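Trainee: I'm passing along data-v3.csv; it holds CSV, C-alpha atoms and all ligand atoms.
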chain,number,residue,atom,x,y,z
A,1,MET,CA,0.0,0.0,0.0
A,2,VAL,CA,1.4,3.4,-1.0
A,3,LEU,CA,0.2,6.4,1.0
A,4,THR,CA,1.2,10.1,1.1
A,5,GLU,CA,-0.1,10.9,4.5
A,6,VAL,CA,-0.9,9.2,7.8
A,7,THR,CA,-4.4,7.8,7.4
A,8,ASN,CA,-6.7,6.7,10.2
A,9,GLU,CA,-5.8,3.0,9.5
A,10,LEU,CA,-2.1,3.8,9.8
A,11,GLN,CA,-2.6,5.8,12.9
A,12,THR,CA,-4.5,2.9,14.6
A,13,MET,CA,-1.6,0.6,13.7
A,14,PHE,CA,0.8,3.0,15.4
A,15,ASP,CA,-1.4,3.6,18.4
A,16,ASN,CA,-1.9,-0.2,19.0
A,17,ALA,CA,1.8,-1.0,18.7
A,18,ARG,CA,3.5,-2.0,21.9
A,19,ARG,CA,7.0,-2.6,20.5
A,20,ILE,CA,8.3,-0.2,17.8
A,21,SER,CA,11.7,-0.5,16.2
A,22,VAL,CA,13.0,1.9,13.7
A,23,LEU,CA,15.9,1.8,11.2
A,24,THR,CA,17.1,5.2,9.9
A,25,GLY,CA,19.5,6.2,7.2
A,26,ALA,CA,21.0,9.4,5.7
A,27,GLY,CA,17.6,10.6,4.4
A,28,ILE,CA,16.3,11.5,7.9
A,29,SER,CA,19.1,14.0,8.2
A,30,ALA,CA,18.6,15.5,4.7
A,31,GLU,CA,16.2,18.1,6.1
A,32,SER,CA,19.0,19.1,8.5
A,33,GLY,CA,21.1,20.0,5.5
A,34,VAL,CA,23.3,16.8,5.6
A,35,PRO,CA,23.9,15.3,2.2
A,36,THR,CA,22.8,11.8,1.5
A,37,PHE,CA,25.0,9.2,-0.1
A,38,ARG,CA,22.7,8.1,-2.9
A,39,GLY,CA,19.2,8.8,-4.1
A,40,GLY,CA,17.8,11.9,-5.6
A,41,GLY,CA,18.0,12.1,-9.4
A,42,ASP,CA,20.8,10.1,-11.0
A,43,ARG,CA,21.5,7.9,-7.9
A,44,GLU,CA,25.2,8.7,-8.3
A,45,MET,CA,27.1,8.4,-5.1
A,46,TRP,CA,28.5,11.4,-3.2
A,47,THR,CA,32.0,12.4,-4.5
A,48,TRP,CA,34.7,14.5,-2.9
A,49,ARG,CA,38.0,15.5,-4.5
A,50,GLY,CA,37.0,13.2,-7.4
A,51,LYS,CA,36.6,10.1,-5.3
A,52,HIS,CA,33.4,8.2,-4.5
A,53,VAL,CA,32.3,7.5,-1.0
A,54,SER,CA,32.9,3.9,-1.6
A,55,GLU,CA,36.6,4.7,-2.1
A,56,LEU,CA,36.8,7.4,0.6
A,57,SER,CA,35.0,5.5,3.4
A,58,SER,CA,36.9,2.3,2.7
A,59,ALA,CA,39.2,0.0,4.7
A,60,GLU,CA,41.6,0.2,1.8
A,61,LEU,CA,42.1,4.0,2.0
A,62,MET,CA,42.3,3.8,5.8
A,63,ALA,CA,45.2,1.3,5.4
A,64,THR,CA,47.0,3.3,2.7
A,65,ASN,CA,46.2,7.0,3.5
A,66,PRO,CA,44.7,7.5,6.9
A,67,GLN,CA,45.4,11.3,6.7
A,68,LEU,CA,43.2,11.6,3.6
A,69,VAL,CA,40.4,9.7,5.4
A,70,TRP,CA,40.6,12.1,8.3
A,71,GLU,CA,40.5,15.1,5.9
A,72,TRP,CA,37.3,13.6,4.3
A,73,PHE,CA,35.7,13.2,7.7
A,74,ASP,CA,36.9,16.7,8.8
A,75,TYR,CA,35.1,18.1,5.8
A,76,ARG,CA,31.9,16.4,6.9
A,77,ARG,CA,32.4,17.3,10.6
A,78,THR,CA,32.6,21.0,9.5
A,79,MET,CA,29.3,20.6,7.7
A,80,LEU,CA,27.8,18.9,10.7
A,81,LEU,CA,28.8,21.8,13.1
A,82,GLU,CA,25.9,23.8,11.5
A,83,ALA,CA,23.4,20.9,11.5
A,84,LYS,CA,20.5,20.7,14.0
A,85,PRO,CA,18.0,17.8,14.5
A,86,ASN,CA,14.9,18.4,12.4
A,87,ALA,CA,11.2,17.6,12.9
A,88,GLY,CA,11.8,13.9,12.0
A,89,HIS,CA,14.5,13.4,14.6
A,90,LEU,CA,12.4,15.1,17.2
A,91,ALA,CA,9.3,13.1,16.4
A,92,LEU,CA,11.3,9.8,16.9
A,93,ALA,CA,12.5,11.1,20.3
A,94,ASP,CA,8.9,11.8,21.1
A,95,TRP,CA,7.8,8.3,20.0
A,96,GLU,CA,10.3,6.8,22.4
A,97,ARG,CA,8.8,8.7,25.4
A,98,ARG,CA,5.3,7.4,24.5
A,99,CYS,CA,6.2,3.8,23.7
A,100,GLU,CA,7.1,1.2,26.3
A,101,ASP,CA,9.5,-0.7,24.1
A,102,PHE,CA,11.3,1.5,21.5
A,103,THR,CA,14.6,0.9,19.7
A,104,LEU,CA,16.1,3.3,17.2
A,105,ILE,CA,18.7,1.6,15.0
A,106,THR,CA,20.6,4.1,12.8
A,107,GLN,CA,23.1,3.8,10.1
A,108,ASN,CA,24.0,7.5,10.5
A,109,ILE,CA,27.2,8.6,12.2
A,110,ASP,CA,26.1,12.3,12.5
A,111,ASP,CA,24.9,12.1,16.2
A,112,LEU,CA,21.6,14.0,15.4
A,113,HIS,CA,19.4,11.3,17.0
A,114,ARG,CA,21.2,11.7,20.3
A,115,ALA,CA,21.0,15.5,19.9
A,116,ALA,CA,17.3,15.2,19.5
A,117,GLY,CA,17.0,13.2,22.7
A,118,THR,CA,16.7,9.6,21.6
A,119,LEU,CA,18.1,7.3,24.4
A,120,ASN,CA,17.8,3.7,23.2
A,121,LEU,CA,20.0,4.2,20.2
A,122,LEU,CA,22.1,1.6,18.2
A,123,GLU,CA,24.6,3.3,16.0
A,124,LEU,CA,25.4,0.5,13.6
A,125,HIS,CA,28.1,2.4,11.7
A,126,GLY,CA,29.7,4.3,14.6
A,127,ASN,CA,29.9,8.0,15.4
A,128,ILE,CA,31.8,10.7,13.5
A,129,TRP,CA,32.7,12.5,16.8
A,130,ARG,CA,34.5,9.5,18.2
A,131,ALA,CA,38.0,8.3,17.4
A,132,ARG,CA,39.5,4.8,17.9
A,133,CYS,CA,43.2,4.0,18.6
A,134,LEU,CA,44.8,1.9,15.9
A,135,ARG,CA,47.0,0.2,18.5
A,136,CYS,CA,45.1,-0.3,21.8
A,137,SER,CA,41.5,0.1,20.3
A,138,SER,CA,40.3,2.4,23.0
A,139,THR,CA,37.8,5.0,21.9
A,140,PHE,CA,37.5,8.6,22.8
A,141,GLU,CA,35.6,11.7,21.9
A,142,ALA,CA,37.3,13.8,19.3
A,143,ARG,CA,35.3,17.0,18.8
A,144,ASP,CA,37.9,19.5,17.7
A,145,CYS,CA,37.1,20.7,14.2
A,146,PRO,CA,39.0,21.3,12.2
A,147,LEU,CA,41.4,18.8,13.7
A,148,GLU,CA,44.3,20.2,15.6
A,149,GLN,CA,46.3,17.1,14.6
A,150,ASN,CA,45.9,14.7,11.8
A,151,PRO,CA,45.7,11.9,12.7
A,152,PRO,CA,44.6,12.6,16.3
A,153,LEU,CA,46.5,10.7,19.0
A,154,CYS,CA,45.2,8.2,21.5
A,155,LEU,CA,44.7,9.8,24.9
A,156,GLY,CA,46.0,6.5,26.5
A,157,CYS,CA,49.0,5.3,24.5
A,158,GLY,CA,49.7,8.2,22.2
A,159,ASN,CA,49.4,6.1,19.0
A,160,ALA,CA,47.5,7.4,15.9
A,161,ALA,CA,43.7,7.0,16.0
A,162,ARG,CA,41.1,6.6,13.3
A,163,PRO,CA,37.5,7.7,13.0
A,164,ASP,CA,35.3,5.2,15.0
A,165,VAL,CA,33.1,4.4,12.1
A,166,VAL,CA,32.4,1.3,10.0
A,167,LEU,CA,34.0,1.7,6.6
A,168,PHE,CA,33.1,-0.5,3.6
A,169,GLY,CA,34.6,-3.9,4.0
A,170,GLU,CA,34.8,-3.7,7.8
A,171,MET,CA,32.8,-5.6,10.4
A,172,LEU,CA,30.3,-3.8,12.6
A,173,SER,CA,31.4,-3.5,16.2
A,174,GLU,CA,30.9,-6.7,18.2
A,175,GLY,CA,27.4,-7.5,19.4
A,176,ILE,CA,25.7,-4.4,17.9
A,177,TYR,CA,24.2,-6.2,14.9
A,178,GLU,CA,22.8,-9.0,17.2
A,179,ARG,CA,21.1,-6.4,19.4
A,180,ALA,CA,19.7,-4.7,16.3
A,181,GLU,CA,18.4,-8.0,15.0
A,182,GLU,CA,16.8,-8.8,18.3
A,183,ALA,CA,15.0,-5.4,18.4
A,184,SER,CA,13.8,-6.0,14.9
A,185,ALA,CA,12.5,-9.5,15.6
A,186,ARG,CA,10.6,-8.4,18.7
A,187,ALA,CA,8.9,-5.4,17.1
A,188,ASP,CA,5.2,-5.2,16.3
A,189,LEU,CA,5.8,-2.3,14.0
A,190,PHE,CA,9.1,-1.7,12.2
A,191,PHE,CA,9.8,1.6,10.4
A,192,VAL,CA,12.4,2.0,7.7
A,193,ILE,CA,13.1,5.7,7.3
A,194,GLY,CA,15.4,7.6,4.8
A,195,THR,CA,17.5,4.7,3.7
A,196,SER,CA,18.1,3.3,0.2
A,197,ALA,CA,18.5,-0.1,1.9
A,198,VAL,CA,21.3,-1.2,-0.2
A,199,VAL,CA,24.1,-1.5,2.4
A,200,TYR,CA,24.3,-4.8,4.3
A,201,PRO,CA,23.9,-6.0,6.9
A,202,ALA,CA,21.6,-3.1,7.9
A,203,ALA,CA,19.3,-3.8,4.9
A,204,SER,CA,18.6,-7.2,6.3
A,205,LEU,CA,16.8,-5.8,9.4
A,206,PRO,CA,13.5,-5.0,7.8
A,207,ILE,CA,13.4,-8.6,6.4
A,208,THR,CA,14.1,-10.0,9.9
A,209,ALA,CA,11.3,-7.9,11.3
A,210,LYS,CA,8.9,-8.9,8.6
A,211,GLN,CA,9.7,-12.6,8.9
A,212,ALA,CA,9.1,-12.4,12.7
A,213,GLY,CA,5.6,-11.0,12.1
A,214,ALA,CA,6.1,-7.2,12.3
A,215,LYS,CA,4.2,-4.8,10.0
A,216,VAL,CA,6.9,-2.9,8.1
A,217,ILE,CA,6.4,0.8,7.1
A,218,GLU,CA,8.8,2.6,4.9
A,219,VAL,CA,9.1,6.4,4.9
A,220,ASN,CA,10.9,7.8,1.9
A,221,PRO,CA,10.2,10.2,-1.0
A,222,GLU,CA,11.4,7.5,-3.4
A,223,ALA,CA,10.8,3.7,-3.9
A,224,THR,CA,13.8,1.7,-2.7
A,225,ASP,CA,15.2,-1.9,-3.0
A,226,ILE,CA,12.9,-3.1,-0.2
A,227,SER,CA,9.7,-1.3,-1.2
A,228,PHE,CA,8.4,-4.5,-2.7
A,229,MET,CA,8.4,-6.3,0.7
A,230,VAL,CA,7.0,-3.6,3.0
A,231,ASP,CA,3.4,-3.4,4.2
A,232,VAL,CA,3.1,0.4,3.7
A,233,THR,CA,5.2,2.9,1.8
A,234,LEU,CA,4.7,6.3,3.2
A,235,LEU,CA,5.9,8.4,0.3
A,236,GLY,CA,7.4,11.8,1.3
A,237,LYS,CA,9.8,13.5,3.6
A,238,ALA,CA,10.5,12.2,7.1
A,239,GLY,CA,10.3,15.7,8.7
A,240,GLU,CA,6.8,16.2,7.3
A,241,LEU,CA,5.4,12.7,7.8
A,242,LEU,CA,6.7,11.5,11.2
A,243,PRO,CA,5.3,14.3,13.3
A,244,GLN,CA,1.8,13.5,11.9
A,245,PHE,CA,1.6,10.3,14.0
A,246,ILE,CA,1.7,12.3,17.2
A,247,LYS,CA,-0.3,15.3,16.0
A,248,GLU,CA,-3.2,13.2,14.9
A,249,ARG,CA,-3.7,11.8,18.4
A,250,GLY,CA,-4.9,15.1,19.7
A,301,LIG,C1,14.7,10.8,2.5
A,301,LIG,C2,14.7,12.2,2.5
A,301,LIG,C3,13.8,12.8,3.4
A,301,LIG,C4,16.1,11.7,1.0
A,301,LIG,N1,13.0,12.0,4.2
A,301,LIG,N2,14.0,10.1,3.2
A,301,LIG,C5,25.7,-8.6,1.3
A,301,LIG,C6,25.3,-8.4,0.0
A,301,LIG,C7,26.0,-7.4,-0.8
A,301,LIG,C8,27.1,-6.7,-0.3
A,301,LIG,C9,27.5,-6.9,1.0
A,301,LIG,C10,26.8,-7.9,1.8
A,301,LIG,N3,27.3,-7.9,3.0
A,301,LIG,C11,28.3,-7.0,3.1
A,301,LIG,C12,28.5,-6.4,1.8
A,301,LIG,C13,29.4,-5.3,1.5
A,301,LIG,C14,29.0,-4.0,1.9
A,301,LIG,C15,27.7,-3.6,1.2
A,301,LIG,O1,26.7,-3.6,1.8
A,301,LIG,N4,27.8,-3.2,0.0
A,301,LIG,C16,26.6,-2.8,-0.8
A,301,LIG,C17,26.7,-1.3,-1.1
A,301,LIG,C18,26.5,-3.7,-2.0
A,301,LIG,N5,28.9,-3.9,3.4
A,301,LIG,C19,29.9,-3.7,4.2
A,301,LIG,O2,31.0,-3.6,3.8
A,301,LIG,C20,29.6,-3.7,5.7
A,301,LIG,N6,30.4,-4.6,6.4
A,301,LIG,C21,30.2,-5.9,6.5
A,301,LIG,O3,29.2,-6.4,6.0
A,301,LIG,O4,31.1,-6.6,7.2
A,301,LIG,C22,31.1,-8.0,7.3
A,301,LIG,C23,32.2,-8.5,6.5
A,301,LIG,C24,33.3,-7.8,6.3
A,301,LIG,C25,34.4,-8.3,5.5
A,301,LIG,C26,34.3,-9.5,5.0
A,301,LIG,C27,33.1,-10.3,5.2
A,301,LIG,C28,32.1,-9.8,6.0
A,301,LIG,C29,29.9,-2.4,6.3
A,301,LIG,C30,29.1,-1.3,5.7
A,301,LIG,C31,29.4,0.0,6.3
A,301,LIG,C32,28.9,1.1,5.5
A,301,LIG,N7,29.4,2.3,5.8
A,301,LIG,C33,28.9,3.6,5.2
A,301,LIG,C34,30.0,4.6,5.4
A,301,LIG,C35,30.1,5.0,6.9
A,301,LIG,C36,31.1,6.0,7.2
A,301,LIG,C37,30.7,7.3,6.4
A,301,LIG,O5,29.7,7.9,6.7
A,301,LIG,O6,31.5,7.7,5.6
A,301,LIG,O7,27.7,3.9,5.8
A,301,LIG,S1,28.5,3.4,3.5
A,301,LIG,C38,27.1,4.6,3.6
A,301,LIG,O8,25.9,3.8,3.2
A,301,LIG,C39,27.0,4.9,5.1
A,301,LIG,C40,25.5,4.8,5.3
A,301,LIG,O9,25.3,4.5,6.6
A,301,LIG,C41,25.2,3.6,4.4
A,301,LIG,C42,23.7,3.5,4.0
A,301,LIG,O10,23.3,4.6,3.3
A,301,LIG,P1,21.8,5.2,3.6
A,301,LIG,O11,21.7,5.7,5.0
A,301,LIG,O12,20.8,4.2,3.1
A,301,LIG,O13,21.8,6.5,2.7
A,301,LIG,P2,21.5,6.7,1.1
A,301,LIG,O14,22.1,7.9,0.7
A,301,LIG,O15,21.9,5.5,0.4
A,301,LIG,O16,20.0,6.8,1.0
A,301,LIG,C43,19.3,7.9,1.4
A,301,LIG,C44,17.8,7.7,1.3
A,301,LIG,O17,17.1,8.8,1.9
A,301,LIG,C45,17.3,7.6,-0.2
A,301,LIG,O18,16.5,6.5,-0.3
A,301,LIG,C46,16.5,8.9,-0.3
A,301,LIG,O19,15.4,8.7,-1.2
A,301,LIG,C47,16.0,9.1,1.1
A,301,LIG,N8,15.7,10.5,1.4
A,301,LIG,N9,15.6,12.7,1.5
A,301,LIG,C48,13.2,10.6,4.0
A,301,LIG,N10,13.7,14.1,3.5
A,302,ZN,ZN,45.9,3.7,22.3
Let me see whether you can do it: turn the structure in this file into structure tokens.

Mentor:
Amino acid sequence: MVLTEVTNELQTMFDNARRISVLTGAGISAESGVPTFRGGGDREMWTWRGKHVSELSSAELMATNPQLVWEWFDYRRTMLLEAKPNAGHLALADWERRCEDFTLITQNIDDLHRAAGTLNLLELHGNIWRARCLRCSSTFEARDCPLEQNPPLCLGCGNAARPDVVLFGEMLSEGIYERAEEASARADLFFVIGTSAVVYPAASLPITAKQAGAKVIEVNPEATDISFMVDVTLLGKAGELLPQFIKERG
């Protein structure tokens, strides 16, 4: 079913849900001015200094030119300094306060869900404001922007650190995917918001939820690779659609 607004039937589904899990992607931050990776027009991937995201955010480049990887992340951190949570992020934080079992699984590294007030948050791909030591693996906040030192040094052992994010070809941090899978499998209602659903293993979560019996609702201005399997496609912008679930309640 394709809808362009929250109908009474959809509202009832939302009101009756006891366990809601949500998977978000870059699209939820688009209305905060953060560029998405794909989608919109020619579906070309984001490029910077002539390189695709798949090259820039890759384990290969991290191994051969960590300074360039940090420059790429510094460029994005500078953009994020201006970004604020939008109505979509704020609506999800509000849902959590009203729902007894709520999990927000995000592929985003921009920290905007936390800034909006979401508490039960699984950041599958890490966080752009955190660094991880390449020797002792300890993680620490690295908020200076632009970076004073490239690469930043570990506060514990002094070795070079890298962004604490999951690059292409890398494993997610231990245990996080299992927690996301568990939250997906126990949901009555599963929302997939602002993601092209092409990057794995995140794109498997709506399938896990569906197979475990959840109703799956996609919120996106465009059809995606998983549109065929969802129960409802809510076609439009997250910042406009998500607040409607609360407003309609009166
Ligand atoms: C709006 C909107 C508005 C616009 N409102 N919506 C199985 C099958 C095939 C491949 C693989 C597989 N398993 C693993 C792979 C390889 C790879 C992968 O998935 N590749 C595919 C691309 C083919 N996966 C991995 O490498 C993962 N690692 C892994 O699986 O490890 C296990 C392993 C390792 C080694 C050997 C063996 C096993 C790791 C993936 C990490 C991805 N990292 C990135 C970069 C993070 C750092 C950074 O930010 O630079 O994460 S890639 C990039 O894509 C980023 C995103 O989180 C991710 C997803 O993108 P997302 O969020 O969906 O954004 P977009 O731009 O694609 O979509 C935006 C959407 O919003 C669009 O649909 C718009 O329409 C919509 N939108 N405005 C609502 N206002
Ligand atoms: Zn260290």

Trainee: Would you name the residues within 8 Å of ligand LIG 301 (chain A), counting all atoms listed in the file, and put them as a PyMOL selection string?

Mentor: chain A and resi 24-31+35-40+45+53-54+56-58+73+106-109+125-126+128+165-172+193-202+219-224+236-239

Trainee: Restricting the calculation to all atoms listed in the file: of A:Ile246, A:Val192, A:Ala83, A:Ala91, which residue gets closest to A:Ala209?

Mentor: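 Nearest to A:Ala209: A:Val192.
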
Trainee: So how many Å separate atom CA of A:Ser21 and atom CA of A:Asp188, to one decimal?

Mentor: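 Distance between the two atoms: 8.0 Å.
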
Trainee: Dump as a list of chain:residue names all residues having an atom at most 6 Å from (48.9, 0.3, 20.3), computed in the file's coordinates with only C-alpha atoms.

Mentor: A:Arg135, A:Cys136, A:Asn159

Trainee: Out of A:Glu182, A:Thr233, A:Cys99, A:Ala212, which residue has the shortest atom-to-atom distance to A:Phe14 when counting all atoms listed in the file?

Mentor: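 Selected residue with least distance to A:Phe14: A:Cys99.
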
Trainee: Counting all atoms listed in the file, which protein, DNA or RNA residues come within 9 Å of ligand ZN 302 (chain A), given as a list in words?

Mentor: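 The residues near ligand ZN 302 (chain A) are Arg132, Cys133, Leu134, Arg135, Cys136, Ser137, Ser138, Thr139, Leu153, Cys154, Leu155, Gly156, Cys157, Gly158, Asn159, Ala160 and Ala161 of chain A.
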
Trainee: Rank A:Ile207, A:Ala115, A:Ala180, A:Val6 by their smallest atom-to-atom distance to A:Pro243, using only C-alpha atoms, and report the top residue only.

Mentor: A:Val6

Trainee: What gap, in Å, lies between atom CA of A:Val230 and atom CA of A:Leu90?

Mentor: 24.1 Å

Trainee: Which of these residues is nearest to A:Glu178, using all atoms listed in the file: A:Pro163, A:Leu205, A:Pro85, A:Phe191?

Mentor: A:Leu205

Trainee: In Å, rounded to a single decimal, give me how far atom CA of A:Ala183 is from atom CA of A:Ala214.

Mentor: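 Rounded to one decimal, the two atoms are 10.9 Å apart.
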
Trainee: For A:Leu112, which of A:Phe245, A:Tyr177, A:Trp129, A:Trp70 is the closest residue, counting all atoms listed in the file?

Mentor: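 Looking only at the distances to A:Leu112, the closest residue turns out to be A:Trp129.
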
Trainee: Counting all atoms listed in the file, which of A:Arg162, A:Glu141, A:Thr103, A:Glu218 gets nearest to A:Ala59?

Mentor: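 Selected residue with least distance to A:Ala59: A:Arg162.
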
Trainee: Could you list, as a list in words, every residue within 10 Å of A:Asp74, counting only C-alpha atoms and ignoring same-chain residues fewer than 3 positions away?

Mentor: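 Counting only the stated atoms, we get Leu68, Val69, Trp70, Glu71, Arg77, Thr78, Met79, Leu80, Ile128, Trp129, Asp144, Cys145, Pro146, Leu147, Asn150 and Pro163 of chain A.
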
Trainee: Leaving out A:Thr118 and any residue of its chain fewer than 2 positions from it, which residues lie within 12 Å of it when counting all atoms listed in the file, given as a list in words?

Mentor: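 Counting only the stated atoms, we get Val22, Pro85, Gly88, His89, Leu90, Ala91, Leu92, Ala93, Asp94, Trp95, Glu96, Arg97, Arg98, Phe102, Thr103, Leu104, Ile105, Thr106, Asp111, Leu112, His113, Arg114, Ala115, Ala116, Asn120, Leu121, Leu122 and Glu123 of chain A.
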
Trainee: Go ahead and dump the residues you just picked, C-alpha atoms, as a short mmCIF file (atom, residue, chain, number, x, y, z; two decimals), keeping the file's coordinate frame.

Mentor:
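Saved result, out_15.cif, follows:
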data_model
loop_
_atom_site.label_atom_id
_atom_site.label_comp_id
_atom_site.auth_asym_id
_atom_site.auth_seq_id
_atom_site.Cartn_x
_atom_site.Cartn_y
_atom_site.Cartn_z
CA VAL A 22 13.00 1.90 13.70
CA PRO A 85 18.00 17.80 14.50
CA GLY A 88 11.80 13.90 12.00
CA HIS A 89 14.50 13.40 14.60
CA LEU A 90 12.40 15.10 17.20
CA ALA A 91 9.30 13.10 16.40
CA LEU A 92 11.30 9.80 16.90
CA ALA A 93 12.50 11.10 20.30
CA ASP A 94 8.90 11.80 21.10
CA TRP A 95 7.80 8.30 20.00
CA GLU A 96 10.30 6.80 22.40
CA ARG A 97 8.80 8.70 25.40
CA ARG A 98 5.30 7.40 24.50
CA PHE A 102 11.30 1.50 21.50
CA THR A 103 14.60 0.90 19.70
CA LEU A 104 16.10 3.30 17.20
CA ILE A 105 18.70 1.60 15.00
CA THR A 106 20.60 4.10 12.80
CA ASP A 111 24.90 12.10 16.20
CA LEU A 112 21.60 14.00 15.40
CA HIS A 113 19.40 11.30 17.00
CA ARG A 114 21.20 11.70 20.30
CA ALA A 115 21.00 15.50 19.90
CA ALA A 116 17.30 15.20 19.50
CA ASN A 120 17.80 3.70 23.20
CA LEU A 121 20.00 4.20 20.20
CA LEU A 122 22.10 1.60 18.20
CA GLU A 123 24.60 3.30 16.00
#
